[in-house]
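Here is the structure we will look at.
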Amino acid sequence: MRKTVKTLFLFLLVVLTPQVFPAQCDTVANSCAKNMARQFLSDGQEYRALLLNSDETAEFHSTFYGGTTYRIVACSGMGDGNLVFSVFDADRNLLFTNSDYKNTPYWDFKVNSTLDCIIEARLGGENQGSGCAVVLIGFKQ
């Protein structure tokens, strides 16, 4: 009987996990999008990291083009301020971290010349469990 229960549990875990976690990230992405102001147009991508634990860091790469104003929005879960994100240049020099600003969920900035960047995200604040990290990038129209 125990073997049957374990087998059933493992089967359900394997079958349902790929469907449940993307749906969780869809909800987070929709919630996160509220911080993308009207004047910013999405770059069309959603940068996601599934099952981000409190000791893990997600890494995303993006190129920002000179003369453009951007907004980076980052969140995990349904509330603001529970995802710490940092932006580095290609040489890993820190350009911005929201931890210096009470984990604000977004940052607006303008780049003068084209810049390859690394965006790191990790859980912070009171949310130390696991979840989905979502980063959105928009540019000013």
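Naming works like this for the structure tokens: A, B, ... for the chains as they're shown, residue 1 at the start of each chain, ligands 1 onward in shown order.
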
Per residue of region 80-141 of chain A within 8 Å of region 34-57 of chain A, what are the shortest atom pair and its distance in Å to one decimal, counting only C-alpha atoms, with rows by chain and residue number, as a tab-separated table?
```
residue	atom	partner	partner_atom	distance
A:Pro105	CA	A:Asn35	CA	7.5
A:Tyr106	CA	A:Asn35	CA	7.1
A:Glu120	CA	A:Thr57	CA	6.4
A:Ala121	CA	A:Thr57	CA	5.6
A:Arg122	CA	A:Thr57	CA	4.8
A:Leu123	CA	A:Ser54	CA	5.4
A:Gly124	CA	A:Ser54	CA	7.3
A:Gln128	CA	A:Ser54	CA	5.2
A:Gly129	CA	A:Asn53	CA	6.1
A:Ser130	CA	A:Asn53	CA	4.5
A:Gly131	CA	A:Leu51	CA	4.8
A:Cys132	CA	A:Leu50	CA	4.7
A:Ala133	CA	A:Ala49	CA	5.1
A:Val134	CA	A:Arg48	CA	4.6
A:Val135	CA	A:Tyr47	CA	5.0
A:Leu136	CA	A:Glu46	CA	5.4
A:Ile137	CA	A:Ser42	CA	5.9
A:Gly138	CA	A:Ser42	CA	4.0
A:Phe139	CA	A:Phe40	CA	5.0
A:Lys140	CA	A:Phe40	CA	4.4
A:Gln141	CA	A:Phe40	CA	5.9
```

Residues from the last selection, C-alpha atoms, saved as an mmCIF file, in the first residue's frame:
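The resulting again.cif:
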```
data_model
loop_
_atom_site.group_PDB
_atom_site.id
_atom_site.type_symbol
_atom_site.label_atom_id
_atom_site.label_comp_id
_atom_site.auth_asym_id
_atom_site.auth_seq_id
_atom_site.Cartn_x
_atom_site.Cartn_y
_atom_site.Cartn_z
ATOM 1 C CA PRO A 105 10.009 47.139 -7.611
ATOM 2 C CA TYR A 106 11.289 49.261 -10.518
ATOM 3 C CA GLU A 120 20.652 39.543 -10.867
ATOM 4 C CA ALA A 121 17.550 38.816 -8.810
ATOM 5 C CA ARG A 122 17.116 37.091 -5.462
ATOM 6 C CA LEU A 123 14.393 36.822 -2.872
ATOM 7 C CA GLY A 124 14.608 39.384 -0.112
ATOM 8 C CA GLN A 128 12.331 33.819 2.199
ATOM 9 C CA GLY A 129 10.534 30.794 0.746
ATOM 10 C CA SER A 130 10.622 29.780 -2.868
ATOM 11 C CA GLY A 131 8.733 31.119 -5.806
ATOM 12 C CA CYS A 132 9.017 32.711 -9.187
ATOM 13 C CA ALA A 133 11.106 35.766 -9.988
ATOM 14 C CA VAL A 134 9.958 37.912 -12.900
ATOM 15 C CA VAL A 135 11.897 40.782 -14.501
ATOM 16 C CA LEU A 136 10.309 42.997 -17.141
ATOM 17 C CA ILE A 137 12.155 45.591 -19.231
ATOM 18 C CA GLY A 138 10.475 48.473 -20.992
ATOM 19 C CA PHE A 139 11.679 51.475 -22.941
ATOM 20 C CA LYS A 140 10.197 54.951 -23.193
ATOM 21 C CA GLN A 141 8.051 55.545 -26.259
#
```

Exercise. Could you give me, as an MDAnalysis selection string, each residue of region 11-129 of chain A that DSSP assigns to strand (DSSP E or B) when run on this structure's backbone?
Key: chainID A and resid 40:49 58:64 68:75 83:89 94:97 106:111 115:123

Write a file of the selected residues as a compact mmCIF listing (two decimals), in the first residue's frame, keeping N, CA and C atoms.
```txt
# COMPACT_ATOMS: atom_id res chain seq x y z
N PHE A 40 6.06 53.51 -20.93
CA PHE A 40 7.09 52.52 -21.23
C PHE A 40 6.48 51.38 -22.03
N LEU A 41 7.14 51.00 -23.11
CA LEU A 41 6.71 49.90 -23.96
C LEU A 41 7.58 48.68 -23.64
N SER A 42 6.96 47.56 -23.37
CA SER A 42 7.71 46.34 -23.03
C SER A 42 8.62 45.92 -24.18
N ASP A 43 9.75 45.34 -23.84
CA ASP A 43 10.64 44.81 -24.88
C ASP A 43 10.12 43.49 -25.42
N GLY A 44 8.99 43.03 -24.89
CA GLY A 44 8.34 41.81 -25.40
C GLY A 44 8.78 40.54 -24.73
N GLN A 45 9.68 40.65 -23.77
CA GLN A 45 10.17 39.45 -23.09
C GLN A 45 9.83 39.51 -21.61
N GLU A 46 9.65 38.34 -21.03
CA GLU A 46 9.51 38.21 -19.59
C GLU A 46 10.64 37.32 -19.12
N TYR A 47 11.50 37.86 -18.31
CA TYR A 47 12.62 37.11 -17.79
C TYR A 47 12.13 36.43 -16.51
N ARG A 48 12.19 35.10 -16.47
CA ARG A 48 11.62 34.34 -15.35
C ARG A 48 12.63 33.34 -14.79
N ALA A 49 12.53 33.14 -13.50
CA ALA A 49 13.28 32.08 -12.83
C ALA A 49 12.30 31.34 -11.94
N ALA A 58 19.07 34.48 -9.55
CA ALA A 58 18.80 34.32 -10.98
C ALA A 58 19.60 35.38 -11.73
N GLU A 59 20.03 35.04 -12.93
CA GLU A 59 20.83 35.96 -13.73
C GLU A 59 20.22 36.09 -15.11
N PHE A 60 20.02 37.34 -15.54
CA PHE A 60 19.46 37.63 -16.85
C PHE A 60 20.40 38.58 -17.58
N HIS A 61 20.47 38.47 -18.89
CA HIS A 61 21.34 39.33 -19.69
C HIS A 61 20.50 40.17 -20.64
N SER A 62 20.90 41.43 -20.79
CA SER A 62 20.17 42.33 -21.69
C SER A 62 21.12 43.38 -22.25
N THR A 63 20.76 43.92 -23.39
CA THR A 63 21.51 45.02 -23.98
C THR A 63 20.62 46.25 -23.96
N PHE A 64 21.17 47.35 -23.47
CA PHE A 64 20.45 48.61 -23.43
C PHE A 64 21.13 49.55 -24.43
N THR A 68 18.36 55.87 -24.96
CA THR A 68 17.03 55.35 -24.63
C THR A 68 16.83 55.35 -23.12
N THR A 69 15.61 55.66 -22.70
CA THR A 69 15.24 55.58 -21.29
C THR A 69 14.52 54.27 -21.05
N TYR A 70 14.93 53.55 -20.02
CA TYR A 70 14.40 52.23 -19.72
C TYR A 70 13.76 52.19 -18.34
N ARG A 71 12.92 51.18 -18.15
CA ARG A 71 12.39 50.83 -16.83
C ARG A 71 12.58 49.33 -16.66
N ILE A 72 13.21 48.95 -15.54
CA ILE A 72 13.29 47.54 -15.15
C ILE A 72 12.30 47.35 -14.01
N VAL A 73 11.44 46.35 -14.15
CA VAL A 73 10.47 46.00 -13.12
C VAL A 73 10.79 44.59 -12.67
N ALA A 74 10.86 44.37 -11.36
CA ALA A 74 11.18 43.04 -10.84
C ALA A 74 10.28 42.72 -9.66
N CYS A 75 9.74 41.51 -9.63
CA CYS A 75 8.89 41.11 -8.51
C CYS A 75 8.81 39.59 -8.39
N LEU A 83 11.62 41.21 -3.91
CA LEU A 83 12.66 40.74 -4.81
C LEU A 83 13.75 41.79 -4.88
N VAL A 84 14.97 41.39 -4.58
CA VAL A 84 16.12 42.29 -4.67
C VAL A 84 16.74 42.09 -6.05
N PHE A 85 16.90 43.20 -6.78
CA PHE A 85 17.57 43.07 -8.07
C PHE A 85 18.70 44.08 -8.17
N SER A 86 19.74 43.64 -8.88
CA SER A 86 20.93 44.47 -9.09
C SER A 86 21.29 44.44 -10.55
N VAL A 87 21.78 45.56 -11.05
CA VAL A 87 22.18 45.67 -12.45
C VAL A 87 23.68 45.93 -12.49
N PHE A 88 24.37 45.12 -13.29
CA PHE A 88 25.83 45.21 -13.44
C PHE A 88 26.16 45.43 -14.90
N ASP A 89 27.28 46.08 -15.16
CA ASP A 89 27.77 46.13 -16.54
C ASP A 89 28.48 44.81 -16.84
N LEU A 94 28.79 47.28 -10.32
CA LEU A 94 27.41 47.53 -9.91
C LEU A 94 26.96 48.90 -10.41
N LEU A 95 25.82 48.90 -11.13
CA LEU A 95 25.23 50.15 -11.62
C LEU A 95 24.05 50.58 -10.75
N PHE A 96 23.31 49.61 -10.24
CA PHE A 96 22.13 49.90 -9.43
C PHE A 96 21.74 48.66 -8.64
N THR A 97 21.26 48.85 -7.43
CA THR A 97 20.61 47.79 -6.68
C THR A 97 19.42 48.39 -5.95
N TYR A 106 10.85 48.85 -9.19
CA TYR A 106 11.29 49.26 -10.52
C TYR A 106 12.36 50.34 -10.44
N TRP A 107 13.05 50.51 -11.58
CA TRP A 107 14.10 51.52 -11.70
C TRP A 107 14.03 52.10 -13.10
N ASP A 108 13.99 53.43 -13.20
CA ASP A 108 14.04 54.13 -14.48
C ASP A 108 15.44 54.70 -14.67
N PHE A 109 15.98 54.55 -15.88
CA PHE A 109 17.33 55.05 -16.14
C PHE A 109 17.50 55.28 -17.63
N LYS A 110 18.46 56.12 -17.97
CA LYS A 110 18.79 56.41 -19.37
C LYS A 110 20.25 56.07 -19.59
N VAL A 111 20.54 55.41 -20.69
CA VAL A 111 21.92 55.09 -21.01
C VAL A 111 22.38 55.99 -22.16
N LEU A 115 25.00 49.41 -23.94
CA LEU A 115 25.59 48.77 -22.77
C LEU A 115 25.02 47.37 -22.59
N ASP A 116 25.89 46.37 -22.52
CA ASP A 116 25.48 45.02 -22.17
C ASP A 116 25.44 44.92 -20.65
N CYS A 117 24.33 44.41 -20.12
CA CYS A 117 24.17 44.36 -18.66
C CYS A 117 23.77 42.97 -18.19
N ILE A 118 24.04 42.75 -16.92
CA ILE A 118 23.63 41.53 -16.22
C ILE A 118 22.69 41.98 -15.11
N ILE A 119 21.52 41.37 -15.06
CA ILE A 119 20.56 41.66 -14.00
C ILE A 119 20.48 40.44 -13.11
N GLU A 120 20.76 40.63 -11.83
CA GLU A 120 20.65 39.54 -10.87
C GLU A 120 19.45 39.79 -9.98
N ALA A 121 18.73 38.71 -9.67
CA ALA A 121 17.55 38.82 -8.81
C ALA A 121 17.59 37.71 -7.77
N ARG A 122 17.20 38.08 -6.54
CA ARG A 122 17.12 37.09 -5.46
C ARG A 122 15.99 37.50 -4.53
N LEU A 123 15.46 36.53 -3.83
CA LEU A 123 14.39 36.82 -2.87
C LEU A 123 14.96 37.63 -1.72
```

Self-check item: Nearest residue to Gly77 (chain A) from the set A:Thr27, A:Ala33, A:Asn103, A:Asn98 (distances using only C-alpha atoms)
Solution: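 For Gly77 (chain A), the nearest of the given residues is A:Thr27.
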
Self-check item: Coordinates-based distance that separates CA of Cys32 (chain A) from CA of Ser76 (chain A) (Å, one decimal)
Solution: 8.0 Å
